[in-house]
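data_20.cif follows; it contains mmCIF, C-alpha atoms; chains and numbers go by the auth columns.
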data_run
loop_
_atom_site.group_PDB
_atom_site.id
_atom_site.type_symbol
_atom_site.label_atom_id
_atom_site.label_comp_id
_atom_site.label_asym_id
_atom_site.label_seq_id
_atom_site.Cartn_x
_atom_site.Cartn_y
_atom_site.Cartn_z
_atom_site.B_iso_or_equiv
_atom_site.auth_seq_id
_atom_site.auth_asym_id
ATOM 1 C CA MET A 1 160.492 80.154 10.571 0.00 1 A
ATOM 2 C CA VAL A 2 157.710 78.630 8.457 0.00 2 A
ATOM 3 C CA GLU A 3 155.096 80.811 10.164 0.00 3 A
ATOM 4 C CA ARG A 4 157.076 83.937 9.295 0.00 4 A
ATOM 5 C CA GLN A 5 157.887 83.021 5.696 0.00 5 A
ATOM 6 C CA MET A 6 154.361 81.812 4.931 0.00 6 A
ATOM 7 C CA LYS A 7 152.764 85.271 5.315 0.00 7 A
ATOM 8 C CA PRO A 8 153.562 86.495 1.753 0.00 8 A
ATOM 9 C CA VAL A 9 152.468 83.094 0.427 0.00 9 A
ATOM 10 C CA GLU A 10 149.191 83.328 2.330 0.00 10 A
ATOM 11 C CA SER A 11 148.606 86.830 0.960 0.00 11 A
ATOM 12 C CA LEU A 12 149.315 85.575 -2.563 0.00 12 A
ATOM 13 C CA PHE A 13 146.779 82.755 -2.355 0.00 13 A
ATOM 14 C CA ARG A 14 144.172 85.068 -0.844 0.00 14 A
ATOM 15 C CA GLY A 15 144.561 87.225 -3.950 0.00 15 A
ATOM 16 C CA TYR A 16 144.446 84.086 -6.085 0.00 16 A
ATOM 17 C CA PHE A 17 141.023 83.064 -4.775 0.00 17 A
ATOM 18 C CA ARG A 18 139.666 86.598 -4.906 0.00 18 A
ATOM 19 C CA SER A 19 140.637 86.763 -8.580 0.00 19 A
ATOM 20 C CA GLU A 20 138.999 83.393 -9.136 0.00 20 A
ATOM 21 C CA LEU A 21 135.508 84.362 -7.939 0.00 21 A
ATOM 22 C CA PRO A 22 134.530 86.613 -10.886 0.00 22 A
ATOM 23 C CA VAL A 23 135.715 84.109 -13.494 0.00 23 A
ATOM 24 C CA VAL A 24 133.748 81.333 -11.792 0.00 24 A
ATOM 25 C CA LEU A 25 130.622 83.507 -11.653 0.00 25 A
ATOM 26 C CA ALA A 26 131.066 84.320 -15.341 0.00 26 A
ATOM 27 C CA ALA A 27 131.309 80.605 -16.128 0.00 27 A
ATOM 28 C CA VAL A 28 128.114 79.858 -14.195 0.00 28 A
ATOM 29 C CA LYS A 29 126.209 82.616 -16.042 0.00 29 A
ATOM 30 C CA GLY A 30 125.601 80.224 -18.917 0.00 30 A
ATOM 31 C CA LEU A 31 123.601 77.842 -16.741 0.00 31 A
ATOM 32 C CA LYS A 32 119.948 77.775 -17.786 0.00 32 A
ATOM 33 C CA VAL A 33 118.544 77.274 -14.309 0.00 33 A
ATOM 34 C CA ASP A 34 114.895 77.638 -15.331 0.00 34 A
ATOM 35 C CA LYS A 35 115.288 75.124 -18.150 0.00 35 A
ATOM 36 C CA VAL A 36 117.084 72.588 -15.974 0.00 36 A
ATOM 37 C CA ALA A 37 114.537 73.067 -13.183 0.00 37 A
ATOM 38 C CA ALA A 38 111.684 72.562 -15.648 0.00 38 A
ATOM 39 C CA GLU A 39 113.289 69.342 -16.881 0.00 39 A
ATOM 40 C CA LEU A 40 113.238 68.052 -13.325 0.00 40 A
ATOM 41 C CA LEU A 41 109.440 68.185 -13.399 0.00 41 A
ATOM 42 C CA ARG A 42 109.151 66.166 -16.601 0.00 42 A
ATOM 43 C CA PRO A 43 108.793 62.364 -16.634 0.00 43 A
ATOM 44 C CA GLY A 44 110.873 59.959 -18.691 0.00 44 A
ATOM 45 C CA ARG A 45 114.507 60.497 -19.630 0.00 45 A
ATOM 46 C CA VAL A 46 114.650 63.867 -17.954 0.00 46 A
ATOM 47 C CA TRP A 47 117.907 63.259 -16.079 0.00 47 A
ATOM 48 C CA LEU A 48 119.842 62.965 -19.336 0.00 48 A
ATOM 49 C CA SER A 49 118.892 66.557 -20.172 0.00 49 A
ATOM 50 C CA VAL A 50 119.507 67.810 -16.641 0.00 50 A
ATOM 51 C CA HIS A 51 122.850 66.054 -16.518 0.00 51 A
ATOM 52 C CA ALA A 52 123.877 67.590 -19.856 0.00 52 A
ATOM 53 C CA GLY A 53 123.004 71.079 -18.637 0.00 53 A
ATOM 54 C CA ILE A 54 125.043 70.717 -15.442 0.00 54 A
ATOM 55 C CA LYS A 55 127.951 69.072 -17.262 0.00 55 A
ATOM 56 C CA ALA A 56 128.221 71.975 -19.700 0.00 56 A
ATOM 57 C CA THR A 57 128.446 74.385 -16.760 0.00 57 A
ATOM 58 C CA GLU A 58 130.982 72.163 -15.025 0.00 58 A
ATOM 59 C CA LYS A 59 133.153 72.224 -18.147 0.00 59 A
ATOM 60 C CA SER A 60 132.967 76.034 -18.265 0.00 60 A
ATOM 61 C CA VAL A 61 133.907 76.279 -14.576 0.00 61 A
ATOM 62 C CA GLN A 62 136.834 73.869 -15.039 0.00 62 A
ATOM 63 C CA THR A 63 138.148 75.831 -18.033 0.00 63 A
ATOM 64 C CA ALA A 64 137.857 79.124 -16.126 0.00 64 A
ATOM 65 C CA LEU A 65 139.703 77.717 -13.105 0.00 65 A
ATOM 66 C CA GLU A 66 142.515 76.263 -15.198 0.00 66 A
ATOM 67 C CA SER A 67 142.925 79.504 -17.154 0.00 67 A
ATOM 68 C CA ASN A 68 143.066 81.574 -13.971 0.00 68 A
ATOM 69 C CA GLY A 69 145.588 79.159 -12.482 0.00 69 A
ATOM 70 C CA ARG A 70 147.905 79.484 -15.467 0.00 70 A
ATOM 71 C CA ARG A 71 147.816 83.278 -15.125 0.00 71 A
ATOM 72 C CA TRP A 72 148.989 82.988 -11.522 0.00 72 A
ATOM 73 C CA SER A 73 151.573 80.212 -11.923 0.00 73 A
ATOM 74 C CA LYS A 74 154.627 82.419 -12.439 0.00 74 A
ATOM 75 C CA ARG A 75 153.651 84.609 -9.505 0.00 75 A
ATOM 76 C CA ILE A 76 153.273 81.578 -7.238 0.00 76 A
ATOM 77 C CA GLU A 77 156.613 80.242 -8.427 0.00 77 A
ATOM 78 C CA GLY A 78 158.329 83.526 -7.618 0.00 78 A
ATOM 79 C CA VAL A 79 156.825 83.910 -4.141 0.00 79 A
ATOM 80 C CA LEU A 80 157.585 80.314 -3.150 0.00 80 A
ATOM 81 C CA GLY A 81 161.141 80.705 -4.444 0.00 81 A
ATOM 82 C CA LYS A 82 161.636 83.839 -2.381 0.00 82 A
ATOM 83 C CA ALA A 83 160.185 82.130 0.704 0.00 83 A
ATOM 84 C CA ALA A 84 162.638 79.243 0.272 0.00 84 A
ATOM 85 C CA VAL A 85 165.841 81.321 0.359 0.00 85 A
ATOM 86 C CA PRO A 86 165.992 81.862 4.158 0.00 86 A
ATOM 87 C CA PHE A 87 165.684 78.109 4.699 0.00 87 A
ATOM 88 C CA ALA A 88 168.692 77.492 2.450 0.00 88 A
ATOM 89 C CA VAL A 89 170.775 80.055 4.336 0.00 89 A
ATOM 90 C CA ASP A 90 169.613 78.782 7.734 0.00 90 A
ATOM 91 C CA THR A 91 170.478 75.176 6.827 0.00 91 A
ATOM 92 C CA ALA A 92 174.027 76.122 5.892 0.00 92 A
ATOM 93 C CA TYR A 93 174.418 78.113 9.115 0.00 93 A
ATOM 94 C CA ALA A 94 172.975 75.334 11.289 0.00 94 A
ATOM 95 C CA LEU A 95 175.381 72.764 9.827 0.00 95 A
ATOM 96 C CA SER A 96 178.340 75.200 9.923 0.00 96 A
ATOM 97 C CA PHE A 97 179.332 75.312 6.280 0.00 97 A
ATOM 98 C CA LYS A 98 179.604 78.106 3.745 0.00 98 A
ATOM 99 C CA PHE A 99 176.332 78.828 1.968 0.00 99 A
ATOM 100 C CA PRO A 100 176.820 77.533 -1.599 0.00 100 A
ATOM 101 C CA GLY A 101 173.999 79.569 -3.130 0.00 101 A
ATOM 102 C CA PHE A 102 170.364 78.747 -3.725 0.00 102 A
ATOM 103 C CA PRO A 103 170.144 75.155 -5.044 0.00 103 A
ATOM 104 C CA LYS A 104 169.258 74.740 -8.702 0.00 104 A
ATOM 105 C CA ALA A 105 167.474 71.536 -7.738 0.00 105 A
ATOM 106 C CA THR A 106 165.069 73.554 -5.575 0.00 106 A
ATOM 107 C CA GLN A 107 164.412 76.004 -8.393 0.00 107 A
ATOM 108 C CA LEU A 108 163.581 73.075 -10.665 0.00 108 A
ATOM 109 C CA PHE A 109 161.373 71.481 -8.016 0.00 109 A
ATOM 110 C CA ILE A 110 159.338 74.672 -7.566 0.00 110 A
ATOM 111 C CA ARG A 111 158.993 75.172 -11.325 0.00 111 A
ATOM 112 C CA ASN A 112 157.680 71.632 -11.772 0.00 112 A
ATOM 113 C CA TYR A 113 155.617 71.584 -8.587 0.00 113 A
ATOM 114 C CA VAL A 114 153.593 74.789 -9.012 0.00 114 A
ATOM 115 C CA PRO A 115 151.487 73.394 -11.912 0.00 115 A
ATOM 116 C CA LYS A 116 150.541 70.499 -9.612 0.00 116 A
ATOM 117 C CA ILE A 117 149.417 72.949 -6.914 0.00 117 A
ATOM 118 C CA VAL A 118 147.319 74.845 -9.460 0.00 118 A
ATOM 119 C CA ASP A 119 145.753 71.640 -10.832 0.00 119 A
ATOM 120 C CA GLN A 120 144.896 70.383 -7.335 0.00 120 A
ATOM 121 C CA LEU A 121 143.311 73.703 -6.409 0.00 121 A
ATOM 122 C CA ALA A 122 141.282 73.764 -9.622 0.00 122 A
ATOM 123 C CA GLU A 123 140.004 70.246 -9.003 0.00 123 A
ATOM 124 C CA SER A 124 138.996 70.815 -5.375 0.00 124 A
ATOM 125 C CA THR A 125 137.367 74.167 -6.231 0.00 125 A
ATOM 126 C CA ARG A 126 135.478 72.685 -9.183 0.00 126 A
ATOM 127 C CA HIS A 127 134.098 69.953 -6.939 0.00 127 A
ATOM 128 C CA ARG A 128 132.918 72.432 -4.294 0.00 128 A
ATOM 129 C CA ILE A 129 131.396 74.871 -6.796 0.00 129 A
ATOM 130 C CA MET A 130 129.508 72.185 -8.695 0.00 130 A
ATOM 131 C CA LYS A 131 128.211 70.751 -5.434 0.00 131 A
ATOM 132 C CA THR A 132 126.867 74.229 -4.631 0.00 132 A
ATOM 133 C CA VAL A 133 125.333 74.577 -8.102 0.00 133 A
ATOM 134 C CA SER A 134 123.692 71.141 -8.002 0.00 134 A
ATOM 135 C CA ARG A 135 122.302 71.712 -4.529 0.00 135 A
ATOM 136 C CA GLY A 136 120.896 75.061 -5.642 0.00 136 A
ATOM 137 C CA ILE A 137 119.143 73.570 -8.660 0.00 137 A
ATOM 138 C CA GLU A 138 117.693 70.727 -6.628 0.00 138 A
ATOM 139 C CA GLY A 139 116.490 73.266 -4.064 0.00 139 A
ATOM 140 C CA GLY A 140 114.722 75.353 -6.698 0.00 140 A
ATOM 141 C CA LEU A 141 117.043 78.367 -6.386 0.00 141 A
ATOM 142 C CA THR A 142 117.314 81.024 -9.071 0.00 142 A
ATOM 143 C CA LEU A 143 120.620 81.798 -10.786 0.00 143 A
ATOM 144 C CA PRO A 144 121.185 84.955 -8.655 0.00 144 A
ATOM 145 C CA GLU A 145 120.594 82.862 -5.527 0.00 145 A
ATOM 146 C CA ILE A 146 123.069 80.229 -6.686 0.00 146 A
ATOM 147 C CA GLU A 147 125.594 82.987 -7.427 0.00 147 A
ATOM 148 C CA ALA A 148 125.054 84.336 -3.900 0.00 148 A
ATOM 149 C CA ASP A 149 125.805 80.868 -2.500 0.00 149 A
ATOM 150 C CA ILE A 150 129.018 80.715 -4.547 0.00 150 A
ATOM 151 C CA ARG A 151 130.055 84.102 -3.180 0.00 151 A
ATOM 152 C CA GLN A 152 129.428 82.772 0.312 0.00 152 A
ATOM 153 C CA VAL A 153 131.694 79.780 -0.387 0.00 153 A
ATOM 154 C CA TYR A 154 134.533 82.087 -1.399 0.00 154 A
ATOM 155 C CA LYS A 155 133.882 84.330 1.586 0.00 155 A
ATOM 156 C CA SER A 156 134.267 81.330 3.904 0.00 156 A
ATOM 157 C CA TRP A 157 137.567 80.530 2.184 0.00 157 A
ATOM 158 C CA ASP A 158 139.026 84.031 2.425 0.00 158 A
ATOM 159 C CA ARG A 159 141.006 83.368 5.586 0.00 159 A
ATOM 160 C CA SER A 160 141.161 79.647 6.248 0.00 160 A
ATOM 161 C CA ARG A 161 141.985 78.210 2.815 0.00 161 A
ATOM 162 C CA PRO A 162 144.906 80.535 1.934 0.00 162 A
ATOM 163 C CA GLU A 163 146.357 79.950 5.401 0.00 163 A
ATOM 164 C CA VAL A 164 146.201 76.166 5.119 0.00 164 A
ATOM 165 C CA ILE A 165 147.728 76.198 1.629 0.00 165 A
ATOM 166 C CA ALA A 166 150.454 78.668 2.628 0.00 166 A
ATOM 167 C CA ARG A 167 151.466 76.678 5.710 0.00 167 A
ATOM 168 C CA THR A 168 151.544 73.422 3.773 0.00 168 A
ATOM 169 C CA GLU A 169 153.385 74.659 0.692 0.00 169 A
ATOM 170 C CA THR A 170 155.845 76.959 2.468 0.00 170 A
ATOM 171 C CA GLY A 171 156.758 74.131 4.816 0.00 171 A
ATOM 172 C CA ARG A 172 157.019 71.698 1.923 0.00 172 A
ATOM 173 C CA VAL A 173 159.371 73.979 -0.012 0.00 173 A
ATOM 174 C CA ALA A 174 161.392 74.555 3.188 0.00 174 A
ATOM 175 C CA SER A 175 161.975 70.812 3.629 0.00 175 A
ATOM 176 C CA VAL A 176 162.884 70.276 -0.024 0.00 176 A
ATOM 177 C CA THR A 177 165.280 73.255 0.123 0.00 177 A
ATOM 178 C CA GLN A 178 167.027 71.843 3.185 0.00 178 A
ATOM 179 C CA ASN A 179 167.521 68.503 1.445 0.00 179 A
ATOM 180 C CA ASP A 180 168.857 70.133 -1.715 0.00 180 A
ATOM 181 C CA VAL A 181 171.338 72.317 0.200 0.00 181 A
ATOM 182 C CA ILE A 182 172.609 69.251 2.068 0.00 182 A
ATOM 183 C CA ALA A 183 172.900 67.252 -1.158 0.00 183 A
ATOM 184 C CA GLU A 184 174.841 70.005 -2.931 0.00 184 A
ATOM 185 C CA ALA A 185 177.215 70.278 0.035 0.00 185 A
ATOM 186 C CA GLY A 186 177.750 66.520 -0.012 0.00 186 A
ATOM 187 C CA LEU A 187 177.110 66.185 3.707 0.00 187 A
ATOM 188 C CA ASP A 188 176.072 63.128 5.683 0.00 188 A
ATOM 189 C CA VAL A 189 173.265 64.438 7.875 0.00 189 A
ATOM 190 C CA ILE A 190 170.930 62.994 10.483 0.00 190 A
ATOM 191 C CA GLN A 191 167.400 64.408 10.707 0.00 191 A
ATOM 192 C CA ILE A 192 165.362 64.326 13.911 0.00 192 A
ATOM 193 C CA TRP A 193 161.581 64.672 13.704 0.00 193 A
ATOM 194 C CA LEU A 194 160.094 67.397 15.909 0.00 194 A
ATOM 195 C CA THR A 195 156.378 68.023 16.389 0.00 195 A
ATOM 196 C CA ALA A 196 154.670 71.252 17.451 0.00 196 A
ATOM 197 C CA ARG A 197 154.051 69.478 20.790 0.00 197 A
ATOM 198 C CA ASP A 198 150.428 70.478 21.246 0.00 198 A
ATOM 199 C CA ASP A 199 147.017 68.818 21.061 0.00 199 A
ATOM 200 C CA ARG A 200 146.692 69.526 17.327 0.00 200 A
ATOM 201 C CA VAL A 201 149.559 67.205 16.376 0.00 201 A
ATOM 202 C CA ARG A 202 148.511 64.131 14.390 0.00 202 A
ATOM 203 C CA ASP A 203 148.719 60.890 16.379 0.00 203 A
ATOM 204 C CA SER A 204 150.884 59.393 13.628 0.00 204 A
ATOM 205 C CA HIS A 205 153.316 62.321 13.912 0.00 205 A
ATOM 206 C CA GLU A 206 153.354 62.283 17.688 0.00 206 A
ATOM 207 C CA GLU A 207 154.754 58.764 17.402 0.00 207 A
ATOM 208 C CA LEU A 208 157.637 60.156 15.300 0.00 208 A
ATOM 209 C CA GLU A 209 158.705 62.774 17.879 0.00 209 A
ATOM 210 C CA GLY A 210 162.465 62.453 18.418 0.00 210 A
ATOM 211 C CA GLU A 211 162.891 59.710 15.811 0.00 211 A
ATOM 212 C CA GLU A 212 166.176 59.868 13.848 0.00 212 A
ATOM 213 C CA ARG A 213 166.775 59.004 10.213 0.00 213 A
ATOM 214 C CA GLU A 214 169.439 59.691 7.636 0.00 214 A
ATOM 215 C CA ILE A 215 168.395 62.010 4.805 0.00 215 A
ATOM 216 C CA GLY A 216 166.491 59.907 2.283 0.00 216 A
ATOM 217 C CA GLU A 217 165.266 57.331 4.794 0.00 217 A
ATOM 218 C CA GLU A 218 161.561 57.066 5.556 0.00 218 A
ATOM 219 C CA PHE A 219 160.092 57.960 8.919 0.00 219 A
ATOM 220 C CA SER A 220 156.887 56.157 7.925 0.00 220 A
ATOM 221 C CA PRO A 221 155.597 54.750 4.606 0.00 221 A
ATOM 222 C CA GLY A 222 155.895 57.467 1.935 0.00 222 A
ATOM 223 C CA LEU A 223 157.152 60.088 4.393 0.00 223 A
ATOM 224 C CA LYS A 224 160.873 60.916 4.323 0.00 224 A
ATOM 225 C CA PHE A 225 160.492 64.303 6.052 0.00 225 A
ATOM 226 C CA PRO A 226 157.710 66.641 7.241 0.00 226 A
ATOM 227 C CA ARG A 227 155.400 67.624 4.349 0.00 227 A
ATOM 228 C CA ASP A 228 157.147 65.281 1.913 0.00 228 A
ATOM 229 C CA PRO A 229 155.599 66.068 -1.525 0.00 229 A
ATOM 230 C CA ASP A 230 155.518 62.328 -2.206 0.00 230 A
ATOM 231 C CA GLY A 231 153.724 61.644 1.084 0.00 231 A
ATOM 232 C CA PRO A 232 149.972 61.006 1.469 0.00 232 A
ATOM 233 C CA PRO A 233 147.851 64.192 1.789 0.00 233 A
ATOM 234 C CA GLU A 234 146.425 63.105 5.142 0.00 234 A
ATOM 235 C CA GLU A 235 149.976 63.130 6.527 0.00 235 A
ATOM 236 C CA THR A 236 151.220 66.350 4.929 0.00 236 A
ATOM 237 C CA ILE A 237 148.448 68.958 4.602 0.00 237 A
ATOM 238 C CA GLN A 238 148.892 71.671 7.239 0.00 238 A
ATOM 239 C CA CYS A 239 151.595 69.667 8.989 0.00 239 A
ATOM 240 C CA ARG A 240 153.420 71.927 11.474 0.00 240 A
ATOM 241 C CA CYS A 241 156.245 69.521 12.282 0.00 241 A
ATOM 242 C CA SER A 242 159.882 70.387 11.706 0.00 242 A
ATOM 243 C CA ARG A 243 163.203 68.621 12.040 0.00 243 A
ATOM 244 C CA LEU A 244 166.533 69.127 13.706 0.00 244 A
ATOM 245 C CA LEU A 245 169.533 68.569 11.448 0.00 245 A
ATOM 246 C CA ARG A 246 172.981 67.489 12.640 0.00 246 A
ATOM 247 C CA LEU A 247 176.072 66.090 11.007 0.00 247 A
ATOM 248 C CA ASN A 248 176.371 62.323 11.181 0.00 248 A
ATOM 249 C CA LYS A 249 179.543 61.722 13.173 0.00 249 A
ATOM 250 C CA LYS A 250 180.251 58.083 12.494 0.00 250 A
#

Could you express the structure from this file as structure tokens?
Amino acid sequence: MVERQMKPVESLFRGYFRSELPVVLAAVKGLKVDKVAAELLRPGRVWLSVHAGIKATEKSVQTALESNGRRWSKRIEGVLGKAAVPFAVDTAYALSFKFPGFPKATQLFIRNYVPKIVDQLAESTRHRIMKTVSRGIEGGLTLPEIEADIRQVYKSWDRSRPEVIARTETGRVASVTQNDVIAEAGLDVIQIWLTARDDRVRDSHEELEGEEREIGEEFSPGLKFPRDPDGPPEETIQCRCSRLLRLNKK
């Protein structure tokens, strides 16, 4: 189900990054490439000046990314909320109880979690863009050439990055929704870890295949369910695992 529900989320984040490119290019426009390049040829305390020039651009890029993220936050919140609904309904059906309505706890989670997504994206993008800018300056590129390299970075992201984010975040919201539905229903439920059963499965997750835990118990340190938002990134990003839920018949 994650693969089906993630499509609108993937489309949303593709639009997000496409909207981001022009604001990043506008932020980089202020970089005095010729001046910074000239400083590189001077002896003495040249790196202080070069560093200041790059830092000013980095600040402009960071501000542009954060501003763009805030503009998209409500849209991301709405799309993730819509993607979560089928998981709430499916959980109630799978455990044979009347659907109590979309959990308020999930709504609150999404509202509080989206700013974290936006901040993480801004930070990772800033790092990649400034690496491109610095490499361009050191290589003697002109500003138009650096801008062309930035465009190439975004072009390389157009398919892969939105897909990775959509799979991760849709699956994360799905797991949180399942937990919240179960909690609101007051059920005692056992969860069974299921992998995608192919050669792309993490070794650490392959070891969890078929393992059973009660809701709230950890499968491994920091990981209470697939794509646990409190889990380490190396265990959650683009995780394709799922879980089977059944009532705990003690």

Q. A:Arg126, A:Ile117, A:Ala105, A:Gly216: which is nearest Ala166 (chain A), counting all atoms listed in the file?
A.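 Counting all atoms listed in the file, the residue closest to Ala166 (chain A) is A:Ile117.
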
Q.
Using only C-alpha atoms, can you tell me which of A:Arg18, A:Lys249, A:Arg172, A:Lys224 comes closest to Arg159 (chain A)?
A. A:Arg18

Take every atom of region 63-82 of chain A listed in the file, fit an axis-aligned box around them, add 3 Å per side, and give the centre and edge lengths in Å to one decimal as lines of an AutoDock Vina configuration file.
center_x = 149.7
center_y = 80.2
center_z = -10.2
size_x = 29.8
size_y = 14.8
size_z = 21.7

**Q.** Picked residues, the PyMOL selection byres ((chain A and resi 220) around 10), expected as a PyMOL selection string
**A.** chain A and resi 204-205+208+217-219+221-225+231+235

Q) Separation of CA of Ile190 (chain A) and CA of Ala174 (chain A), in Å? A) 16.7 Å

Q) Which protein, DNA or RNA residues are at most 9 Å from (138.2, 77.6, -17.3) in the file's coordinates when you count all atoms listed in the file, listed as a list in words? A)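 Those residues lying close to the given coordinates are Val23, Val24, Ala27, Lys59, Ser60, Val61, Gln62, Thr63, Ala64, Leu65, Glu66, Ser67, Asn68 and Gly69 of chain A.
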
(Q) My list of candidates is A:Val164, A:Ile54, A:Ala83, A:Lys155. Which is closest to Ile137 (chain A) when distances are computed with only C-alpha atoms? (A)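 Of A:Val164, A:Ile54, A:Ala83, A:Lys155, the one nearest Ile137 (chain A), counting only C-alpha atoms, is A:Ile54.
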